[in-house]
file structure_11.csv (CSV, C-alpha atoms)
chain,number,residue,atom,x,y,z
A,1,PRO,CA,-33.6,-32.6,21.6
A,2,ARG,CA,-29.9,-31.6,21.2
A,3,ALA,CA,-30.5,-30.9,17.5
A,4,SER,CA,-33.6,-28.8,18.4
A,5,ARG,CA,-31.5,-26.8,20.9
A,6,MET,CA,-28.9,-26.2,18.3
A,7,GLU,CA,-31.5,-25.1,15.7
A,8,ALA,CA,-33.1,-22.8,18.3
A,9,GLU,CA,-29.7,-21.3,19.1
A,10,ARG,CA,-28.9,-20.8,15.4
A,11,LEU,CA,-32.3,-19.0,14.8
A,12,SER,CA,-31.7,-16.9,17.9
A,13,ASN,CA,-28.2,-15.9,16.6
A,14,ARG,CA,-29.7,-15.1,13.2
A,15,GLU,CA,-32.4,-12.9,14.7
A,16,ALA,CA,-29.9,-11.1,16.8
A,17,LEU,CA,-27.7,-10.4,13.8
A,18,LEU,CA,-30.6,-9.3,11.7
A,19,GLU,CA,-31.6,-6.9,14.5
A,20,ARG,CA,-28.0,-5.5,14.5
A,21,ILE,CA,-28.1,-5.0,10.8
A,22,SER,CA,-31.5,-3.3,10.8
A,23,SER,CA,-30.6,-1.0,13.7
A,24,GLY,CA,-27.3,0.0,12.1
A,25,CYS,CA,-25.4,-0.7,15.3
A,26,HIS,CA,-23.0,-3.5,14.1
A,27,GLU,CA,-19.6,-2.3,15.2
A,28,LEU,CA,-16.2,-3.9,15.3
A,29,ASP,CA,-16.0,-5.5,18.7
A,30,GLY,CA,-14.2,-8.2,20.6
A,31,PRO,CA,-10.4,-8.9,20.2
A,32,LYS,CA,-10.2,-7.0,16.9
A,33,ALA,CA,-11.5,-3.8,18.5
A,34,VAL,CA,-9.2,-4.2,21.4
A,35,GLY,CA,-6.3,-4.7,19.1
A,36,VAL,CA,-7.2,-1.6,17.1
A,37,SER,CA,-7.6,0.5,20.2
A,38,ALA,CA,-4.3,-0.8,21.6
A,39,SER,CA,-2.5,0.0,18.4
A,40,LEU,CA,-3.7,3.6,18.3
A,41,ALA,CA,-2.8,4.0,22.0
A,42,GLN,CA,0.7,2.8,21.4
A,43,LEU,CA,1.5,5.2,18.6
A,44,ASP,CA,4.6,7.1,19.5
A,45,SER,CA,4.1,9.5,16.6
A,46,PRO,CA,1.5,10.0,13.8
A,47,VAL,CA,1.8,8.2,10.5
A,48,ARG,CA,3.2,10.8,8.1
A,49,ILE,CA,1.2,10.7,4.9
A,50,CYS,CA,1.5,12.0,1.3
A,51,LEU,CA,-1.8,12.3,-0.5
A,52,VAL,CA,-1.7,12.0,-4.3
A,53,GLY,CA,-4.8,13.4,-6.0
A,54,LEU,CA,-7.1,16.1,-4.7
A,55,GLY,CA,-10.1,15.4,-6.8
A,56,ARG,CA,-13.2,13.3,-6.0
A,57,ALA,CA,-11.5,10.4,-4.2
A,58,GLY,CA,-8.9,12.7,-2.6
A,59,ALA,CA,-11.7,14.7,-0.9
A,60,PHE,CA,-13.0,11.5,0.8
A,61,HIS,CA,-9.5,10.8,2.1
A,62,MET,CA,-9.1,14.3,3.4
A,63,GLN,CA,-12.3,13.9,5.3
A,64,SER,CA,-11.0,10.6,6.8
A,65,LEU,CA,-7.7,12.3,7.8
A,66,ARG,CA,-9.6,15.0,9.6
A,67,PHE,CA,-11.7,12.3,11.3
A,68,VAL,CA,-8.8,10.3,12.7
A,69,GLY,CA,-6.9,13.5,13.8
A,70,ALA,CA,-3.3,14.6,13.8
A,71,ARG,CA,-2.4,12.3,16.6
A,72,VAL,CA,-2.9,9.3,14.3
A,73,ALA,CA,-2.2,10.7,10.8
A,74,GLN,CA,-0.2,13.8,9.8
A,75,LEU,CA,-0.5,15.1,6.3
A,76,VAL,CA,3.0,16.2,5.3
A,77,CYS,CA,2.6,16.4,1.5
A,78,VAL,CA,-0.2,16.9,-1.0
A,79,VAL,CA,0.3,16.1,-4.7
A,80,ASP,CA,-1.8,17.3,-7.6
A,81,THR,CA,-1.2,18.3,-11.2
A,82,ASN,CA,-3.1,21.4,-10.3
A,83,LEU,CA,-0.3,22.9,-8.2
A,84,GLU,CA,-2.3,25.9,-7.2
A,85,LEU,CA,-4.9,23.6,-5.7
A,86,ALA,CA,-2.2,21.6,-4.0
A,87,ARG,CA,-0.7,24.7,-2.4
A,88,ARG,CA,-4.1,25.9,-1.3
A,89,THR,CA,-5.0,22.6,0.2
A,90,ALA,CA,-1.6,22.3,2.0
A,91,THR,CA,-2.3,25.8,3.6
A,92,GLU,CA,-5.9,25.3,4.4
A,93,PHE,CA,-5.8,21.7,5.7
A,94,ALA,CA,-2.5,21.1,7.3
A,95,ALA,CA,0.1,22.8,9.5
A,96,SER,CA,2.8,25.0,8.0
A,97,ASP,CA,5.1,21.9,7.5
A,98,CYS,CA,2.8,20.4,4.8
A,99,VAL,CA,4.2,21.0,1.3
A,100,ALA,CA,2.6,20.8,-2.1
A,101,ARG,CA,4.1,19.2,-5.2
A,102,ALA,CA,2.8,18.6,-8.8
A,103,THR,CA,4.0,15.0,-9.1
A,104,LEU,CA,4.9,12.1,-6.9
A,105,GLU,CA,8.2,11.9,-8.8
A,106,GLU,CA,9.1,15.3,-7.4
A,107,VAL,CA,8.4,14.1,-3.8
A,108,MET,CA,10.6,10.9,-4.2
A,109,ALA,CA,13.4,12.9,-5.9
A,110,ASP,CA,13.6,15.2,-2.8
A,111,VAL,CA,15.5,13.0,-0.4
A,112,ALA,CA,14.6,15.1,2.7
A,113,LEU,CA,10.9,15.3,1.8
A,114,ALA,CA,10.7,11.6,0.9
A,115,GLY,CA,12.3,10.7,4.2
A,116,ARG,CA,9.4,12.5,6.0
A,117,VAL,CA,6.8,10.3,4.3
A,118,ASP,CA,5.8,7.0,5.9
A,119,ALA,CA,2.8,6.2,3.7
A,120,ILE,CA,1.3,7.2,0.4
A,121,ILE,CA,-2.4,7.4,-0.5
A,122,ILE,CA,-3.0,7.2,-4.2
A,123,ALA,CA,-6.3,8.9,-5.0
A,124,SER,CA,-5.6,10.2,-8.5
A,125,THR,CA,-7.3,9.3,-11.7
A,126,THR,CA,-7.7,5.6,-12.5
A,127,ASP,CA,-5.2,5.5,-15.4
A,128,THR,CA,-2.4,6.7,-13.1
A,129,HIS,CA,-2.7,4.1,-10.3
A,130,TYR,CA,-0.4,1.5,-11.8
A,131,GLY,CA,2.6,3.8,-12.3
A,132,LEU,CA,2.1,5.5,-9.0
A,133,CYS,CA,1.9,2.2,-7.1
A,134,LYS,CA,5.2,1.1,-8.7
A,135,LEU,CA,6.8,4.4,-7.7
A,136,ALA,CA,5.6,4.3,-4.1
A,137,LEU,CA,6.4,0.6,-3.5
A,138,SER,CA,9.8,0.9,-5.2
A,139,ALA,CA,10.5,3.6,-2.6
A,140,SER,CA,9.5,1.1,0.1
A,141,LYS,CA,6.6,3.3,1.3
A,142,ALA,CA,3.4,1.8,2.8
A,143,THR,CA,0.8,2.3,0.1
A,144,PHE,CA,-2.9,2.6,-0.1
A,145,THR,CA,-4.4,2.9,-3.6
A,146,GLU,CA,-7.8,3.4,-4.9
A,147,LYS,CA,-9.0,0.6,-7.1
A,148,PRO,CA,-8.3,-0.6,-9.6
A,149,ILE,CA,-4.6,-1.1,-9.6
A,150,SER,CA,-4.8,-1.4,-13.3
A,151,HIS,CA,-7.2,-2.6,-16.1
A,152,HIS,CA,-4.6,-5.2,-17.1
A,153,ALA,CA,-4.0,-8.4,-15.2
A,154,GLU,CA,-0.3,-8.5,-15.9
A,155,GLU,CA,0.2,-5.1,-14.4
A,156,VAL,CA,-1.8,-6.0,-11.3
A,157,ASP,CA,0.4,-9.1,-10.9
A,158,GLU,CA,3.5,-6.9,-11.3
A,159,VAL,CA,2.4,-4.5,-8.6
A,160,ILE,CA,1.5,-7.4,-6.2
A,161,CYS,CA,4.9,-8.9,-6.7
A,162,LEU,CA,6.5,-5.6,-6.1
A,163,ALA,CA,4.6,-5.1,-2.8
A,164,LYS,CA,5.6,-8.6,-1.6
A,165,ALA,CA,9.2,-7.8,-2.4
A,166,ALA,CA,9.1,-4.5,-0.7
A,167,ARG,CA,7.6,-6.1,2.4
A,168,VAL,CA,5.5,-3.0,3.2
A,169,PRO,CA,1.8,-2.6,3.8
A,170,PHE,CA,-0.2,-2.4,0.6
A,171,LEU,CA,-3.9,-2.0,0.5
A,172,VAL,CA,-6.4,-1.5,-2.3
A,173,GLY,CA,-9.5,0.6,-1.5
A,174,TYR,CA,-12.3,-2.0,-1.2
A,175,GLN,CA,-13.8,-0.1,1.7
A,176,ARG,CA,-17.0,-2.2,1.7
A,177,ARG,CA,-15.1,-4.8,3.7
A,178,CYS,CA,-15.1,-2.2,6.5
A,179,ASP,CA,-18.8,-1.4,6.3
A,180,ARG,CA,-20.6,-2.5,9.4
A,181,ASN,CA,-23.6,-3.9,7.4
A,182,PHE,CA,-21.5,-5.9,5.0
A,183,ARG,CA,-19.5,-7.3,8.0
A,184,ALA,CA,-22.7,-8.2,9.8
A,185,LEU,CA,-24.0,-10.0,6.7
A,186,ARG,CA,-20.7,-11.9,6.5
A,187,ASP,CA,-21.0,-12.9,10.1
A,188,LEU,CA,-24.6,-14.1,9.4
A,189,ILE,CA,-23.4,-16.2,6.5
A,190,ALA,CA,-20.4,-17.6,8.4
A,191,ASP,CA,-22.5,-18.6,11.4
A,192,GLY,CA,-24.7,-20.7,9.1
A,193,ALA,CA,-27.8,-18.6,9.8
A,194,LEU,CA,-28.9,-18.8,6.2
A,195,SER,CA,-28.3,-22.5,5.8
A,196,SER,CA,-30.3,-25.6,6.7
A,197,GLU,CA,-27.3,-27.8,6.1
A,198,PRO,CA,-24.5,-28.0,8.8
A,199,GLY,CA,-21.2,-26.9,7.5
A,200,ARG,CA,-22.6,-25.0,4.5
A,201,HIS,CA,-23.1,-21.3,4.3
A,202,GLY,CA,-26.3,-21.7,2.4
A,203,VAL,CA,-25.7,-19.0,-0.2
A,204,ARG,CA,-26.8,-19.9,-3.7
A,205,VAL,CA,-27.2,-16.6,-5.5
A,206,ILE,CA,-25.8,-13.1,-4.8
A,207,LYS,CA,-27.3,-10.3,-6.8
A,208,CYS,CA,-25.1,-7.2,-7.1
A,209,THR,CA,-26.2,-3.8,-8.2
A,210,SER,CA,-23.7,-1.0,-8.7
A,211,ARG,CA,-24.5,2.7,-8.6
A,212,ASP,CA,-22.1,5.6,-8.5
A,213,ASN,CA,-23.7,8.3,-6.3
A,214,PRO,CA,-23.4,11.2,-6.6
A,215,ARG,CA,-23.1,11.4,-10.3
A,216,PRO,CA,-19.4,11.7,-11.2
A,217,PRO,CA,-18.2,14.7,-13.2
A,218,GLU,CA,-17.6,14.3,-17.0
A,219,GLU,CA,-13.8,14.7,-16.5
A,220,TYR,CA,-13.7,11.7,-14.2
A,221,LEU,CA,-15.8,9.5,-16.5
A,222,ARG,CA,-13.3,10.1,-19.4
A,223,THR,CA,-10.5,8.2,-17.6
A,224,SER,CA,-12.4,5.9,-15.1
A,225,GLY,CA,-13.0,3.1,-17.6
A,226,GLY,CA,-16.8,3.4,-17.1
A,227,ILE,CA,-19.0,2.1,-14.3
A,228,PHE,CA,-18.3,-1.6,-15.1
A,229,HIS,CA,-14.5,-1.2,-15.0
A,230,ASP,CA,-14.6,1.2,-12.2
A,231,MET,CA,-17.3,-0.2,-9.9
A,232,LEU,CA,-18.0,-3.8,-10.7
A,233,SER,CA,-14.7,-4.9,-9.0
A,234,HIS,CA,-16.4,-3.9,-5.7
A,235,ASP,CA,-19.1,-6.5,-6.4
A,236,PHE,CA,-16.6,-9.2,-7.2
A,237,ASP,CA,-14.7,-8.3,-4.0
A,238,MET,CA,-17.9,-8.6,-1.9
A,239,ILE,CA,-18.8,-12.0,-3.4
A,240,HIS,CA,-15.4,-13.2,-2.2
A,241,PHE,CA,-15.6,-11.4,1.1
A,242,LEU,CA,-19.1,-12.7,2.0
A,243,THR,CA,-18.6,-16.3,0.9
A,244,GLY,CA,-14.8,-16.8,1.2
A,245,GLU,CA,-14.9,-18.3,-2.3
A,246,ILE,CA,-13.4,-17.3,-5.6
A,247,PRO,CA,-15.1,-17.7,-9.0
A,248,ASP,CA,-14.6,-20.9,-11.0
A,249,GLU,CA,-15.7,-19.1,-14.2
A,250,VAL,CA,-16.5,-15.6,-15.4
A,251,PHE,CA,-18.7,-15.3,-18.5
call {"tool": "encode", "arguments": {"input": "structure_11.csv", "output": "structure tokens"}}
result
Amino acid sequence: PRASRMEAERLSNREALLERISSGCHELDGPKAVGVSASLAQLDSPVRICLVGLGRAGAFHMQSLRFVGARVAQLVCVVDTNLELARRTATEFAASDCVARATLEEVMADVALAGRVDAIIIASTTDTHYGLCKLALSASKATFTEKPISHHAEEVDEVICLAKAARVPFLVGYQRRCDRNFRALRDLIADGALSSEPGRHGVRVIKCTSRDNPRPPEEYLRTSGGIFHDMLSHDFDMIHFLTGEIPDEVF
């Protein structure tokens, strides 16, 4: 009877989670949500941000900055090799105290300007991430970078070691971890809703399919490394996120 009640409760939880996934209403709740709300409420001043790269990825981050608002994040500097675009963006998007520069090196060399930057978002072309991460972390700036850090494992390790030494926040843009449907699926797996064996998550096969929508421009494809280098890391990250496991072998 006790086992029957536990099974009934497990199935009930599974149905509830499936309903939340299908209805698209799975939101961050509980202590985590309270912590996030409290953190935002306690902000004495906005996080001052330098955005590097105003192309495809940069546009997404601009949209996010607009969404959170100036009380949370203030854009103080935009960087792009197209300096005219950077100047236009600084004028159109931000207040008069937002400045434009052609390179992050210029920002860091300007002591007064660098002192105004709390965090750096790296949204430039894939082949520039490694060098820009090193520059930002060496300046002890909180850093968000689009993936991948690099196509070379030794360079990834170097950047991770640098982030640990700098003791500042460092985040790579695997945004699927924040998607409410993926989070709901992870909860489903963690609760054992897919397993008939207690203590096991029940997952045997995960099928991943990557698509890049909308179709990226040709200029982007020249430096992205292709869809496998550029997108498949999301799938590897989701396998780890959903199961809590890492691969024993890649072939």
call {"tool": "closest_atom_pairs", "arguments": {"input": "structure_11.csv", "of": "stretch 70-105 of chain A", "to": "stretch 121-140 of chain A", "cutoff": "9 Å", "atoms": "all atoms listed in the file", "output": "Markdown table"}}
result
| residue | atom | partner | partner_atom | distance |
| --- | --- | --- | --- | --- |
| A:Asp80 | CA | A:Ser124 | CA | 8.1 |
| A:Leu104 | CA | A:Leu132 | CA | 7.5 |
| A:Glu105 | CA | A:Leu135 | CA | 7.7 |
call {"tool": "closest_residue", "arguments": {"input": "structure_11.csv", "among": "A:Leu221, A:Val111, A:Val159, A:Met62", "to": "A:Ala90", "atoms": "all atoms listed in the file"}}
result
A:Met62
call {"tool": "residues_around", "arguments": {"input": "structure_11.csv", "residues": "stretch 244-250 of chain A", "least_positions_apart": "2", "cutoff": "12 Å", "atoms": "all atoms listed in the file", "output": "NGL selection string"}}
result
:A and (186-187 or 189-190 or 200-201 or 203 or 236-242)
call {"tool": "atom_distance", "arguments": {"input": "structure_11.csv", "atom1": "atom CA of A:His234", "atom2": "atom CA of A:Ser210"}}
result
8.4 Å
call {"tool": "atom_distance", "arguments": {"input": "structure_11.csv", "atom1": "atom CA of A:Gly173", "atom2": "atom CA of A:Asp157"}}
result
16.7 Å
call {"tool": "closest_residue", "arguments": {"input": "structure_11.csv", "among": "A:Val117, A:Gly53, A:Arg88, A:Ala112", "to": "A:Gln74", "atoms": "all atoms listed in the file"}}
result
A:Val117
call {"tool": "closest_residue", "arguments": {"input": "structure_11.csv", "among": "A:Ser45, A:Ser233, A:Thr209, A:Thr81", "to": "A:His151", "atoms": "only C-alpha atoms"}}
result
A:Ser233
call {"tool": "residues_near_point", "arguments": {"input": "structure_11.csv", "point": "(6.4, -0.2, 3.2)", "cutoff": "10 Å", "atoms": "all atoms listed in the file", "output": "short mmCIF file (atom, residue, chain, number, x, y, z; two decimals) with C-alpha atoms, in the coordinates of the input"}}
result
data_model
loop_
_atom_site.label_atom_id
_atom_site.label_comp_id
_atom_site.auth_asym_id
_atom_site.auth_seq_id
_atom_site.Cartn_x
_atom_site.Cartn_y
_atom_site.Cartn_z
CA ASP A 118 5.80 7.00 5.90
CA ALA A 119 2.80 6.20 3.70
CA ILE A 120 1.30 7.20 0.40
CA ALA A 136 5.60 4.30 -4.10
CA LEU A 137 6.40 0.60 -3.50
CA SER A 138 9.80 0.90 -5.20
CA ALA A 139 10.50 3.60 -2.60
CA SER A 140 9.50 1.10 0.10
CA LYS A 141 6.60 3.30 1.30
CA ALA A 142 3.40 1.80 2.80
CA THR A 143 0.80 2.30 0.10
CA ALA A 163 4.60 -5.10 -2.80
CA LYS A 164 5.60 -8.60 -1.60
CA ALA A 165 9.20 -7.80 -2.40
CA ALA A 166 9.10 -4.50 -0.70
CA ARG A 167 7.60 -6.10 2.40
CA VAL A 168 5.50 -3.00 3.20
CA PRO A 169 1.80 -2.60 3.80
CA PHE A 170 -0.20 -2.40 0.60
#
call {"tool": "closest_residue", "arguments": {"input": "structure_11.csv", "among": "A:Val156, A:Gln175, A:Glu146, A:Leu113", "to": "A:Arg56", "atoms": "only C-alpha atoms"}}
result
A:Glu146
